[in-house]
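Next comes query-v6.pdb, a file with PDB, C-alpha atoms, pLDDT in the B column.
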```pdb
MODEL        1
ATOM      1  CA  MET A   1      36.260  37.170 -72.989  1.00 92.00           C
ATOM      2  CA  THR A   2      35.620  35.316 -76.212  1.00 91.00           C
ATOM      3  CA  ARG A   3      35.744  31.939 -74.457  1.00 91.00           C
ATOM      4  CA  LEU A   4      33.353  33.161 -71.783  1.00 94.00           C
ATOM      5  CA  ALA A   5      30.951  34.499 -74.410  1.00 94.00           C
ATOM      6  CA  LEU A   6      31.075  31.152 -76.225  1.00 93.00           C
ATOM      7  CA  LYS A   7      30.494  29.249 -72.971  1.00 94.00           C
ATOM      8  CA  LYS A   8      27.468  31.395 -72.108  1.00 95.00           C
ATOM      9  CA  HIS A   9      26.156  31.077 -75.682  1.00 93.00           C
ATOM     10  CA  ILE A  10      26.386  34.812 -76.294  1.00 95.00           C
ATOM     11  CA  LEU A  11      28.432  34.072 -79.402  1.00 93.00           C
ATOM     12  CA  LYS A  12      27.472  31.252 -81.744  1.00 93.00           C
ATOM     13  CA  ARG A  13      31.002  30.680 -83.039  1.00 93.00           C
ATOM     14  CA  ASP A  14      34.550  31.766 -82.273  1.00 92.00           C
ATOM     15  CA  PRO A  15      35.317  34.899 -84.333  1.00 92.00           C
ATOM     16  CA  PHE A  16      39.045  34.158 -84.022  1.00 91.00           C
ATOM     17  CA  ALA A  17      38.883  30.556 -85.249  1.00 91.00           C
ATOM     18  CA  GLY A  18      41.503  30.025 -87.916  1.00 90.00           C
ATOM     19  CA  HIS A  19      43.371  33.222 -87.047  1.00 89.00           C
ATOM     20  CA  LYS A  20      47.115  32.778 -86.666  1.00 91.00           C
ATOM     21  CA  ILE A  21      49.313  35.262 -84.838  1.00 88.00           C
ATOM     22  CA  GLU A  22      52.439  36.150 -86.752  1.00 90.00           C
ATOM     23  CA  LYS A  23      55.595  36.559 -84.727  1.00 89.00           C
ATOM     24  CA  VAL A  24      57.635  39.392 -86.194  1.00 88.00           C
ATOM     25  CA  PRO A  25      61.388  38.980 -85.770  1.00 89.00           C
ATOM     26  CA  VAL A  26      62.878  41.810 -83.701  1.00 82.00           C
ATOM     27  CA  ASN A  27      66.437  43.033 -83.912  1.00 84.00           C
ATOM     28  CA  HIS A  28      67.410  44.125 -80.381  1.00 76.00           C
ATOM     29  CA  ARG A  29      70.022  46.835 -80.162  1.00 81.00           C
ATOM     30  CA  HIS A  30      72.235  47.072 -77.095  1.00 83.00           C
ATOM     31  CA  LEU A  31      74.020  49.896 -75.325  1.00 85.00           C
ATOM     32  CA  ASN A  32      77.699  49.459 -74.642  1.00 89.00           C
ATOM     33  CA  ARG A  33      79.179  50.376 -71.253  1.00 91.00           C
ATOM     34  CA  GLU A  34      80.315  53.825 -72.412  1.00 94.00           C
ATOM     35  CA  GLN A  35      76.865  54.732 -73.784  1.00 93.00           C
ATOM     36  CA  PHE A  36      75.166  53.492 -70.613  1.00 91.00           C
ATOM     37  CA  GLU A  37      77.477  55.505 -68.354  1.00 92.00           C
ATOM     38  CA  LYS A  38      76.884  58.578 -70.495  1.00 94.00           C
ATOM     39  CA  LEU A  39      73.149  58.081 -70.022  1.00 91.00           C
ATOM     40  CA  LEU A  40      73.567  57.646 -66.254  1.00 91.00           C
ATOM     41  CA  ASN A  41      75.578  60.863 -65.918  1.00 92.00           C
ATOM     42  CA  ALA A  42      73.500  63.009 -68.283  1.00 92.00           C
ATOM     43  CA  LYS A  43      72.095  66.248 -66.876  1.00 93.00           C
ATOM     44  CA  LEU A  44      68.523  66.472 -68.106  1.00 94.00           C
ATOM     45  CA  PRO A  45      66.518  69.725 -68.164  1.00 95.00           C
ATOM     46  CA  THR A  46      63.245  68.503 -66.633  1.00 95.00           C
ATOM     47  CA  TYR A  47      62.127  66.279 -63.797  1.00 95.00           C
ATOM     48  CA  ARG A  48      60.024  64.258 -66.227  1.00 95.00           C
ATOM     49  CA  LEU A  49      63.037  63.336 -68.370  1.00 94.00           C
ATOM     50  CA  CYS A  50      65.039  62.463 -65.262  1.00 94.00           C
ATOM     51  CA  HIS A  51      62.227  60.224 -64.059  1.00 93.00           C
ATOM     52  CA  THR A  52      61.995  58.489 -67.449  1.00 91.00           C
ATOM     53  CA  ARG A  53      65.752  57.923 -67.471  1.00 92.00           C
ATOM     54  CA  ASP A  54      65.635  56.518 -63.938  1.00 92.00           C
ATOM     55  CA  LEU A  55      62.868  54.090 -64.905  1.00 89.00           C
ATOM     56  CA  PHE A  56      64.905  52.920 -67.884  1.00 89.00           C
ATOM     57  CA  VAL A  57      68.023  52.458 -65.743  1.00 90.00           C
ATOM     58  CA  PHE A  58      65.978  50.518 -63.186  1.00 90.00           C
ATOM     59  CA  SER A  59      64.652  48.230 -65.911  1.00 86.00           C
ATOM     60  CA  VAL A  60      68.195  47.654 -67.205  1.00 84.00           C
ATOM     61  CA  PHE A  61      69.509  46.657 -63.778  1.00 85.00           C
ATOM     62  CA  THR A  62      66.555  44.419 -62.936  1.00 86.00           C
ATOM     63  CA  GLY A  63      65.915  42.974 -66.398  1.00 78.00           C
ATOM     64  CA  ILE A  64      62.224  43.788 -66.042  1.00 76.00           C
ATOM     65  CA  GLY A  65      62.017  45.381 -69.498  1.00 65.00           C
ATOM     66  CA  ARG A  66      63.110  42.213 -71.274  1.00 59.00           C
ATOM     67  CA  GLN A  67      60.618  40.105 -69.311  1.00 57.00           C
ATOM     68  CA  ILE A  68      57.667  42.339 -70.185  1.00 58.00           C
ATOM     69  CA  TRP A  69      58.423  42.647 -73.897  1.00 54.00           C
ATOM     70  CA  GLN A  70      59.277  38.993 -74.485  1.00 53.00           C
ATOM     71  CA  THR A  71      55.862  37.640 -73.525  1.00 48.00           C
TER
ENDMDL
END
```

Render the structure in this file as structure tokens.
Amino acid sequence: MTRLALKKHILKRDPFAGHKIEKVPVNHRHLNREQFEKLLNAKLPTYRLCHTRDLFVFSVFTGIGRQIWQT
């Protein structure tokens, strides 16, 4: 949006010029096989928690979670 505003002369200068994005180091924690199986077999009290668990398990099997958060 900023580039478009500059191109159409809505903005006179880039407000983000000179701004550097800092990359914060992240320490990823991993589940071991036993913890993952315990999560898979857990009986949860509500449909909402079951749905959330299923989405997490899906992301683990497909690797989609890592792809989204690493961009």

Handout entry: Atomic separation - CA of Ala17 in chain A relative to CA of Thr2 in chain A, Å
Key =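 Separating CA of Thr2 in chain A from CA of Ala17 in chain A is a distance of 10.7 Å.
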
How big is the axis-aligned box around all listed atoms of range 57-64 of chain A once 5 Å goes on each side, and where's its centre, in Å to one decimal, as JSON?
```
{"center_x": 65.9, "center_y": 47.7, "center_z": -65.1, "size_x": 17.3, "size_y": 19.5, "size_z": 14.3}
```

Practice task
Give me, please, the distance in Å between CA of Asp54 in chain A and CA of Val24 in chain A, quoted to one decimal.
Solution key: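 Interatomic distance here is 29.2 Å.
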
Problem - Straight-line distance linking CA of Ala5 in chain A with CA of Lys20 in chain A, stated in Å to one decimal - result: 20.4 Å

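Proximity of A:Arg48, A:Ile64, A:Met1, A:Val26 to Asp14 in chain A, computed with only C-alpha atoms, is greatest for A:Met1.
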
Exercise for the section: Considering all atoms listed in the file, return as a ChimeraX atom specification whatever protein or nucleic-acid residues lie within 12 Å of range 30-37 of chain A, sequence-local ones (same chain, fewer than 5 positions apart) excluded. Expected result: /A:42,53,56-57,60-61,66

Restricting the output to C-alpha atoms, write the selected residues as a short mmCIF file (atom, residue, chain, number, x, y, z; two decimals), in the frame of the given file.
```
data_model
loop_
_atom_site.label_atom_id
_atom_site.label_comp_id
_atom_site.auth_asym_id
_atom_site.auth_seq_id
_atom_site.Cartn_x
_atom_site.Cartn_y
_atom_site.Cartn_z
CA ALA A 42 73.50 63.01 -68.28
CA ARG A 53 65.75 57.92 -67.47
CA PHE A 56 64.90 52.92 -67.88
CA VAL A 57 68.02 52.46 -65.74
CA VAL A 60 68.19 47.65 -67.20
CA PHE A 61 69.51 46.66 -63.78
CA ARG A 66 63.11 42.21 -71.27
#
```
